[in-house]
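Shown next: entry17.cif, given as mmCIF, C-alpha atoms and all ligand atoms.
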data_model
#
loop_
_atom_site.label_atom_id
_atom_site.label_comp_id
_atom_site.auth_asym_id
_atom_site.auth_seq_id
_atom_site.Cartn_x
_atom_site.Cartn_y
_atom_site.Cartn_z
CA MET A 13 -45.42 137.92 76.31
CA SER A 14 -46.90 135.83 73.48
CA PHE A 15 -49.12 132.82 74.03
CA ILE A 16 -46.39 130.53 72.76
CA GLU A 17 -43.90 131.99 75.28
CA ASN A 18 -46.49 131.48 78.04
CA ILE A 19 -46.93 127.90 76.95
CA GLU A 20 -43.17 127.34 76.91
CA LYS A 21 -43.08 128.62 80.49
CA LEU A 22 -45.94 126.22 81.23
CA GLU A 23 -48.23 129.07 82.30
CA GLN A 24 -51.90 128.37 81.84
CA VAL A 25 -53.42 130.57 79.12
CA TYR A 26 -57.03 131.71 79.46
CA LEU A 27 -58.79 133.02 76.39
CA LEU A 28 -61.50 135.00 78.17
CA GLY A 29 -60.06 138.42 78.76
CA LYS A 30 -58.25 138.51 75.41
CA GLU A 31 -59.16 141.17 72.88
CA SER A 32 -59.79 140.43 69.22
CA SER A 33 -56.30 141.60 68.20
CA GLU A 34 -54.71 139.24 70.75
CA LEU A 35 -56.74 136.31 69.44
CA GLU A 36 -55.74 137.19 65.89
CA ALA A 37 -52.10 137.15 66.99
CA LEU A 38 -52.67 133.74 68.60
CA SER A 39 -54.14 132.43 65.36
CA LEU A 40 -51.12 133.60 63.42
CA GLN A 41 -48.79 131.98 65.95
CA LEU A 42 -50.64 128.72 65.43
CA GLY A 43 -50.19 128.99 61.67
CA GLU A 44 -53.80 129.96 61.02
CA PRO A 45 -55.11 133.07 59.28
CA ALA A 46 -55.89 136.10 61.47
CA TYR A 47 -59.62 135.88 60.83
CA ARG A 48 -59.73 132.63 62.83
CA GLY A 49 -58.94 134.82 65.84
CA ARG A 50 -62.00 136.92 65.12
CA GLN A 51 -64.11 133.76 64.87
CA LEU A 52 -62.73 132.70 68.22
CA TYR A 53 -63.67 136.11 69.65
CA HIS A 54 -67.22 135.63 68.40
CA TRP A 55 -67.44 132.21 70.08
CA LEU A 56 -66.03 133.45 73.37
CA TYR A 57 -68.05 136.61 73.77
CA THR A 58 -71.09 136.70 71.46
CA ARG A 59 -71.87 133.00 71.87
CA ARG A 60 -70.28 132.68 75.34
CA ALA A 61 -69.01 129.21 74.46
CA THR A 62 -67.68 127.15 77.35
CA ASP A 63 -65.76 124.53 75.37
CA PHE A 64 -63.80 124.31 72.15
CA ASP A 65 -65.91 121.46 70.76
CA SER A 66 -68.89 123.76 70.30
CA MET A 67 -66.87 126.10 68.01
CA THR A 68 -68.00 124.20 64.97
CA ASP A 69 -66.77 126.58 62.27
CA LEU A 70 -63.18 126.19 63.46
CA ALA A 71 -61.28 123.24 61.99
CA ARG A 72 -61.14 120.24 64.32
CA SER A 73 -57.34 120.38 64.24
CA LEU A 74 -57.39 123.99 65.47
CA ARG A 75 -59.88 123.17 68.21
CA GLU A 76 -57.65 120.33 69.36
CA GLN A 77 -54.60 122.58 69.30
CA LEU A 78 -56.45 125.23 71.31
CA SER A 79 -57.64 122.77 73.92
CA GLU A 80 -54.05 121.57 74.38
CA ILE A 81 -52.58 125.01 74.95
CA ALA A 82 -55.39 127.04 76.51
CA SER A 83 -58.51 127.06 78.66
CA ILE A 84 -61.48 129.34 78.23
CA SER A 85 -62.13 130.65 81.75
CA PRO A 86 -60.13 130.66 85.00
CA VAL A 87 -63.33 130.93 87.02
CA GLU A 88 -65.06 127.91 88.52
CA VAL A 89 -68.41 128.10 90.30
CA LEU A 90 -68.00 126.56 93.77
CA THR A 91 -71.39 127.29 95.31
CA ASP A 92 -74.55 129.22 94.59
CA GLU A 93 -77.09 130.59 97.03
CA SER A 94 -80.49 132.13 96.36
CA ALA A 95 -82.06 134.84 98.48
CA GLU A 96 -85.74 135.19 99.29
CA ASP A 97 -85.95 138.35 97.18
CA GLY A 98 -84.80 136.58 93.98
CA SER A 99 -81.19 137.73 93.99
CA TYR A 100 -78.45 135.16 94.22
CA LYS A 101 -74.75 134.83 94.81
CA LEU A 102 -72.07 132.64 93.27
CA LEU A 103 -68.81 131.79 95.01
CA PHE A 104 -66.03 131.51 92.43
CA GLY A 105 -62.84 129.49 92.76
CA LEU A 106 -59.73 130.87 91.02
CA PRO A 107 -56.74 128.90 89.67
CA ASP A 108 -54.56 129.60 92.74
CA GLY A 109 -57.27 128.49 95.16
CA MET A 110 -58.44 132.00 96.03
CA ARG A 111 -62.11 132.86 96.04
CA VAL A 112 -64.35 135.81 95.19
CA GLU A 113 -68.08 136.34 94.97
CA GLY A 114 -70.44 137.73 92.34
CA VAL A 115 -74.10 138.60 92.70
CA MET A 116 -77.09 138.64 90.34
CA ILE A 117 -79.88 141.08 91.14
CA PRO A 118 -83.10 140.82 89.10
CA ASP A 119 -85.33 143.88 89.33
CA GLY A 120 -88.24 144.02 86.87
CA GLU A 121 -86.82 144.55 83.38
CA ARG A 122 -83.38 145.12 84.79
CA LEU A 123 -80.93 142.32 85.49
CA THR A 124 -77.80 143.53 87.23
CA VAL A 125 -74.63 141.64 88.01
CA CYS A 126 -72.23 142.80 90.69
CA LEU A 127 -68.63 141.72 90.02
CA SER A 128 -65.51 141.60 92.19
CA SER A 129 -62.22 143.26 91.21
CA GLN A 130 -59.88 142.04 93.97
CA VAL A 131 -59.54 139.21 96.47
CA GLY A 132 -60.03 141.13 99.70
CA CYS A 133 -59.46 144.87 99.87
CA VAL A 134 -56.87 147.18 101.36
CA ILE A 135 -59.14 150.17 102.04
CA GLY A 136 -60.42 148.62 105.25
CA CYS A 137 -63.88 150.16 105.48
CA GLY A 138 -65.27 149.27 108.90
CA PHE A 139 -68.76 148.58 107.58
CA CYS A 140 -67.65 146.12 104.89
CA ALA A 141 -66.91 142.41 105.23
CA THR A 142 -64.41 142.50 102.34
CA GLY A 143 -62.55 145.32 104.08
CA GLN A 144 -62.18 143.17 107.20
CA ILE A 145 -60.29 140.47 105.30
CA GLY A 146 -57.40 142.64 104.15
CA PHE A 147 -55.90 142.47 100.68
CA ARG A 148 -54.89 139.24 98.89
CA ARG A 149 -54.44 140.12 95.24
CA ASN A 150 -55.84 141.82 92.16
CA LEU A 151 -58.02 139.87 89.76
CA SER A 152 -56.96 139.46 86.14
CA THR A 153 -59.14 140.59 83.25
CA ALA A 154 -59.94 136.92 82.59
CA GLU A 155 -61.12 136.48 86.19
CA ILE A 156 -63.39 139.53 85.97
CA VAL A 157 -64.87 138.59 82.58
CA GLY A 158 -65.09 134.96 83.76
CA GLN A 159 -67.37 136.00 86.65
CA PHE A 160 -69.59 137.80 84.17
CA THR A 161 -69.93 134.83 81.78
CA ALA A 162 -70.44 132.40 84.68
CA LEU A 163 -73.28 134.54 86.03
CA TYR A 164 -74.70 134.80 82.50
CA ARG A 165 -74.90 131.03 82.29
CA THR A 166 -77.38 130.99 85.14
CA VAL A 167 -80.06 132.98 83.27
CA ASP A 168 -81.92 132.70 80.01
CA THR A 169 -82.54 136.44 79.62
CA ARG A 170 -80.19 139.34 78.92
CA ILE A 171 -78.05 140.88 81.60
CA THR A 172 -78.70 144.60 81.35
CA ASN A 173 -76.41 146.20 83.93
CA VAL A 174 -73.00 145.61 85.45
CA VAL A 175 -71.70 147.15 88.67
CA MET A 176 -68.11 146.77 89.80
CA MET A 177 -69.21 146.88 93.42
CA GLY A 178 -68.29 143.42 94.67
CA MET A 179 -65.10 142.56 96.55
CA GLY A 180 -62.30 145.11 96.18
CA GLU A 181 -61.70 148.71 95.15
CA PRO A 182 -61.89 148.57 91.32
CA LEU A 183 -59.77 151.67 90.75
CA LEU A 184 -56.84 150.07 92.59
CA ASN A 185 -56.90 147.48 89.80
CA SER A 186 -57.80 149.88 87.03
CA ALA A 187 -55.86 148.39 84.09
CA GLU A 188 -57.54 144.97 84.41
CA VAL A 189 -60.93 146.47 85.25
CA PHE A 190 -60.85 148.85 82.27
CA LYS A 191 -59.85 146.04 79.91
CA ALA A 192 -62.67 143.86 81.28
CA ALA A 193 -65.07 146.80 80.84
CA ARG A 194 -63.96 147.24 77.22
CA LEU A 195 -64.68 143.56 76.54
CA ILE A 196 -67.99 143.44 78.40
CA THR A 197 -69.23 146.57 76.63
CA ASP A 198 -68.02 145.68 73.13
CA PRO A 199 -71.11 145.86 70.86
CA ASP A 200 -69.59 143.01 68.81
CA GLY A 201 -69.22 140.82 71.88
CA LEU A 202 -70.88 140.81 75.28
CA ALA A 203 -72.61 144.07 74.35
CA ILE A 204 -73.54 145.69 77.67
CA SER A 205 -74.16 149.42 77.21
CA ARG A 206 -71.34 151.57 78.61
CA ARG A 207 -73.95 153.70 80.31
CA ARG A 208 -75.04 150.59 82.18
CA PHE A 209 -71.56 149.62 83.30
CA SER A 210 -70.76 151.30 86.58
CA ILE A 211 -67.48 151.47 88.45
CA SER A 212 -67.89 152.13 92.14
CA THR A 213 -65.04 153.70 94.08
CA ILE A 214 -64.54 155.11 97.54
CA GLY A 215 -63.01 158.11 95.76
CA TRP A 216 -59.59 156.98 94.52
CA VAL A 217 -58.71 160.20 92.74
CA PRO A 218 -55.95 158.95 90.35
CA GLY A 219 -58.29 156.11 89.37
CA ILE A 220 -61.15 158.52 88.58
CA GLN A 221 -58.73 160.56 86.49
CA ALA A 222 -57.53 157.41 84.71
CA MET A 223 -61.14 156.46 84.06
CA GLN A 224 -61.68 159.87 82.48
CA LYS A 225 -58.50 159.52 80.39
CA SER A 226 -59.53 156.05 79.20
CA GLY A 227 -62.37 157.63 77.24
CA LEU A 228 -64.58 154.64 78.05
CA ARG A 229 -67.34 156.88 79.41
CA LEU A 230 -68.50 154.30 81.92
CA LYS A 231 -70.78 155.27 84.79
CA LEU A 232 -68.97 156.56 87.86
CA THR A 233 -70.29 155.85 91.34
CA VAL A 234 -68.52 157.42 94.30
CA SER A 235 -69.19 156.14 97.82
CA LEU A 236 -69.14 159.29 99.92
CA ASN A 237 -70.51 157.91 103.20
CA GLY A 238 -69.46 161.00 105.11
CA THR A 239 -69.65 164.76 104.78
CA THR A 240 -66.32 165.64 106.39
CA ASP A 241 -62.80 164.31 105.92
CA GLU A 242 -62.81 163.19 109.58
CA GLN A 243 -65.94 161.10 109.14
CA ARG A 244 -64.58 159.47 106.02
CA LYS A 245 -61.30 158.70 107.71
CA GLN A 246 -63.14 157.03 110.57
CA LEU A 247 -65.28 154.91 108.25
CA MET A 248 -62.90 154.20 105.36
CA PRO A 249 -59.34 154.47 106.69
CA LEU A 250 -57.29 154.41 103.48
CA SER A 251 -59.72 156.62 101.58
CA SER A 252 -58.47 159.55 103.66
CA LYS A 253 -55.43 159.67 101.36
CA TYR A 254 -57.60 161.99 99.25
CA SER A 255 -59.58 164.90 100.62
CA LEU A 256 -63.29 165.25 99.99
CA ALA A 257 -62.54 168.42 98.03
CA SER A 258 -60.19 166.59 95.64
CA ILE A 259 -62.63 163.70 95.23
CA LEU A 260 -65.52 166.03 94.41
CA LYS A 261 -63.33 167.94 91.95
CA ALA A 262 -62.39 164.68 90.19
CA ALA A 263 -66.05 163.57 90.14
CA SER A 264 -67.16 166.93 88.77
CA ASP A 265 -64.50 166.81 86.03
CA TYR A 266 -65.64 163.30 85.17
CA ALA A 267 -69.28 164.35 84.91
CA GLY A 268 -68.24 167.22 82.64
CA SER A 269 -66.12 165.16 80.29
CA SER A 270 -68.36 162.07 80.17
CA LYS A 271 -71.53 164.17 79.90
CA GLN A 272 -73.32 162.00 82.42
CA ARG A 273 -74.39 162.29 86.01
CA VAL A 274 -72.22 160.85 88.74
CA THR A 275 -73.92 158.68 91.35
CA PHE A 276 -72.96 159.35 94.95
CA THR A 277 -73.79 156.59 97.37
CA TYR A 278 -74.23 157.40 101.02
CA LEU A 279 -74.43 154.63 103.57
CA LEU A 280 -76.48 155.76 106.55
CA LEU A 281 -75.04 154.73 109.91
CA LYS A 282 -76.92 155.45 113.10
CA GLY A 283 -75.44 158.35 115.07
CA ILE A 284 -72.35 158.49 112.83
CA ASN A 285 -73.30 160.25 109.60
CA ASP A 286 -77.11 160.36 109.55
CA SER A 287 -77.85 163.71 111.21
CA LEU A 288 -79.76 166.43 109.42
CA THR A 289 -76.60 168.54 109.66
CA ASP A 290 -74.94 165.84 107.57
CA ALA A 291 -77.83 165.90 105.12
CA ARG A 292 -77.49 169.66 104.68
CA ARG A 293 -73.71 169.38 104.37
CA LEU A 294 -74.14 166.68 101.74
CA VAL A 295 -76.37 168.99 99.73
CA LYS A 296 -73.75 171.74 99.89
CA LEU A 297 -70.97 169.39 98.80
CA VAL A 298 -72.62 167.97 95.70
CA ARG A 299 -75.19 170.49 94.53
CA GLN A 300 -72.93 171.96 91.82
CA ILE A 301 -72.19 168.52 90.34
CA PRO A 302 -74.57 166.79 87.88
CA CYS A 303 -75.43 163.86 90.11
CA LYS A 304 -77.93 161.66 91.84
CA ILE A 305 -77.65 160.34 95.36
CA ASN A 306 -78.34 156.78 96.40
CA LEU A 307 -78.94 156.38 100.12
CA MET A 308 -77.97 152.92 101.33
CA GLU A 309 -79.20 151.05 104.37
CA TYR A 310 -76.51 149.37 106.42
CA ASN A 311 -76.33 145.58 106.27
CA GLU A 312 -74.95 144.50 109.61
CA ILE A 313 -71.68 142.55 109.60
CA GLY A 314 -70.85 143.02 113.28
CA ASP A 315 -71.81 145.25 116.17
CA GLN A 316 -69.56 148.25 115.46
CA PHE A 317 -72.26 150.09 113.47
CA GLN A 318 -76.03 150.12 113.40
CA ARG A 319 -78.56 150.79 110.72
CA SER A 320 -80.25 154.22 110.86
CA SER A 321 -83.87 154.20 111.97
CA ILE A 322 -86.60 154.44 109.36
CA GLU A 323 -87.62 157.87 110.66
CA GLN A 324 -84.07 159.22 110.51
CA THR A 325 -83.57 157.78 107.03
CA GLU A 326 -86.77 159.41 105.80
CA GLN A 327 -85.87 162.78 107.32
CA PHE A 328 -82.40 162.60 105.84
CA GLN A 329 -83.83 161.80 102.43
CA GLU A 330 -86.43 164.55 102.67
CA THR A 331 -83.81 167.15 103.62
CA VAL A 332 -81.76 166.28 100.54
CA ARG A 333 -84.76 166.03 98.26
CA SER A 334 -86.24 169.36 99.36
CA ALA A 335 -82.97 171.02 98.33
CA GLY A 336 -83.77 169.96 94.76
CA LEU A 337 -81.43 166.98 94.44
CA THR A 338 -82.35 163.56 93.08
CA VAL A 339 -82.14 161.13 95.97
CA ILE A 340 -83.22 157.51 96.07
CA LEU A 341 -83.29 155.08 98.96
CA ARG A 342 -81.85 151.85 97.53
CA ALA A 343 -83.52 148.72 98.76
CA SER A 344 -81.08 146.26 100.24
CA ARG A 345 -81.05 142.99 98.28
CA GLY A 346 -79.82 139.52 99.21
CA ARG A 347 -79.25 140.15 102.91
CA ASP A 348 -80.34 136.67 103.99
CA ILE A 349 -77.48 135.09 102.00
CA ALA A 350 -74.88 137.79 102.81
CA ALA A 351 -74.99 139.02 99.21
CA ALA A 352 -75.97 142.62 99.95
CA CYS A 353 -73.66 145.63 99.78
CA GLY A 354 -70.82 145.31 102.24
CA GLN A 355 -71.47 141.65 103.05
CA LEU A 356 -69.24 139.81 100.53
CA ALA A 357 -66.37 137.95 102.15
CA GLY A 358 -65.70 134.96 99.87
CA GLY A 359 -65.56 132.70 102.91
CA TYR A 360 -62.43 134.45 104.24
CA GLN A 361 -61.97 135.28 107.89
CA PRO A 362 -61.31 138.87 109.03
CA GLY A 363 -57.67 139.95 109.22
CA THR A 364 -56.26 137.16 107.07
CA GLY A 365 -55.04 139.34 104.20
CA SER A 366 -52.43 142.04 103.97
CA THR A 367 -52.98 145.72 104.70
CA ILE A 368 -50.44 146.90 102.14
CA PRO A 369 -51.65 147.46 98.55
S1 LIG B 1 -66.44 149.11 100.79
FE1 LIG B 1 -65.26 148.73 98.91
S2 LIG B 1 -63.38 149.90 99.25
FE2 LIG B 1 -64.32 149.65 101.27
S3 LIG B 1 -63.37 147.80 102.10
FE3 LIG B 1 -65.29 147.19 101.07
S4 LIG B 1 -64.63 146.58 99.05
FE4 LIG B 1 -62.98 147.80 99.90
#

Turn the structure described in the file into structure tokens.
Amino acid sequence: MSFIENIEKLEQVYLLGKESSELEALSLQLGEPAYRGRQLYHWLYTRRATDFDSMTDLARSLREQLSEIASISPVEVLTDESAEDGSYKLLFGLPDGMRVEGVMIPDGERLTVCLSSQVGCVIGCGFCATGQIGFRRNLSTAEIVGQFTALYRTVDTRITNVVMMGMGEPLLNSAEVFKAARLITDPDGLAISRRRFSISTIGWVPGIQAMQKSGLRLKLTVSLNGTTDEQRKQLMPLSSKYSLASILKAASDYAGSSKQRVTFTYLLLKGINDSLTDARRLVKLVRQIPCKINLMEYNEIGDQFQRSSIEQTEQFQETVRSAGLTVILRASRGRDIAAACGQLAGGYQPGTGSTIP
């Protein structure tokens, strides 16, 4: 549907999330030359403009026309919270009143943003606050890119890394997520390196295959969190749709075609998946795949699970490391403001969304 048709239907048009070719088409529809669309692209992404007035090389008449028919971003910052460790979290309001969260994590030279892909999530992982809400809806490309530019406005240095690890399972919203990734990694625009743009999935096999087909060569992170299908089913109910064997095959194929290591994350839960038998099984599962393993500490969201002890975590890590694999214990960031992995809830109460994708 063209912009003009959207306008005739009185649908709000957001320019963030549009590719250069779409903005060129908009220019033509407004009776302007196509190159005006490319100028607009430059203002939106390279300059990250937040209003039409600042786009000074566009004619005033065009700027007025644009401000009548379109807005730049659908994302509004509702609140921001800073954690003791320097990370912080923004709560975003969306045009229909829904909310999602995004997190900024400074770490030395690295500045990582964690973006959401859905309001709520259908997978229902028991250790995750988003999973307790249920599913509301997918985010649009504009809403994903809008989180990124809103987070960017809070810093005066470059964002270096993006992880799609906020609310939602990104590969259940792959078309919008891939388009957002294309825009965020465009060297002529927002210019994040594709090797620093990571999509994190619980192992949604068709999504991993689609990611491979897209040719984007983004980083793939797979949350394993268990070393048997039974364990995974217990922890991440809907993820059991795909067996561990099929997930590992898809991850291995992805590593082969993208020529980069896959990251496997493994959340350690006391007495559930943190035994040394699990550690040895984990080694067996992934040792043939070019990969690294990130061990994650559990951030409590209730009393169903407990964090593994320091001793158990160290023994688990040592067992994996001594088998020759790269394994890192990721420090938990932003726990005091519920911004750490598994804690994002956007202010929603558990069980208020749907359980059907
Ligand atoms: S961990 Fe990810 S996939 Fe699981 S419920 Fe949370 S957001 Fe969804």

With all atoms of ligand LIG 1 (chain B) from the file as input, state the centre and edge lengths in Å to one decimal of the axis-aligned box that has 6 Å extra on each side, as AutoDock Vina command-line options.
--center_x -64.7 --center_y 148.2 --center_z 100.5 --size_x 15.5 --size_y 15.3 --size_z 15.2

Between A:Gly354, A:Ala61, A:Lys271, A:Glu93, which is the closest to Gly178 (chain A) once you count only C-alpha atoms? A:Gly354

To check your reading of the model: which residues sit at most 9 Å from ligand LIG 1 (chain B) when counting all atoms listed in the file? Write the answer as a ChimeraX atom specification. /A:128-130,132-147,177-182,212-215,235,247-251,353-356

Nearest residue to Trp55 (chain A) out of A:Gly201, A:Leu78, A:Leu260, A:Thr239, using only C-alpha atoms? A:Gly201

Please, what distance in Å, to one decimal, runs between CA of Phe276 (chain A) and CA of Gly114 (chain A)? 21.9 Å

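Coordinates place CA of Thr233 (chain A) at a distance of 9.6 Å from CA of Lys304 (chain A).
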
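Using only C-alpha atoms for every distance, the candidate list A:Gln361, A:Gln24, A:Gln327, A:Ser287 yields A:Gln24 as the residue closest to Ala154 (chain A).
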
Selection: 8 Å around Ser32 (chain A), only C-alpha atoms, excl. self and same-chain fewer than 6 positions, as a ChimeraX atom specification: /A:49-50,53

Between A:Ser205, A:Asn185, A:Glu330, A:Ala95, single out the one closest to Val131 (chain A), counting only C-alpha atoms.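 Answer, going by the shortest atom-to-atom distance: A:Asn185.
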
Near-Gln324 (chain A) list (9 Å; all atoms listed in the file; drop same-chain fewer than 4 positions) as a VMD selection string: chain A and resid 282 286 to 288 320 328 to 329

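Distances to Leu103 (chain A) were evaluated for A:Arg75, A:Arg48, A:Ala335, A:Gly358 using only C-alpha atoms, and the minimum falls at A:Gly358.
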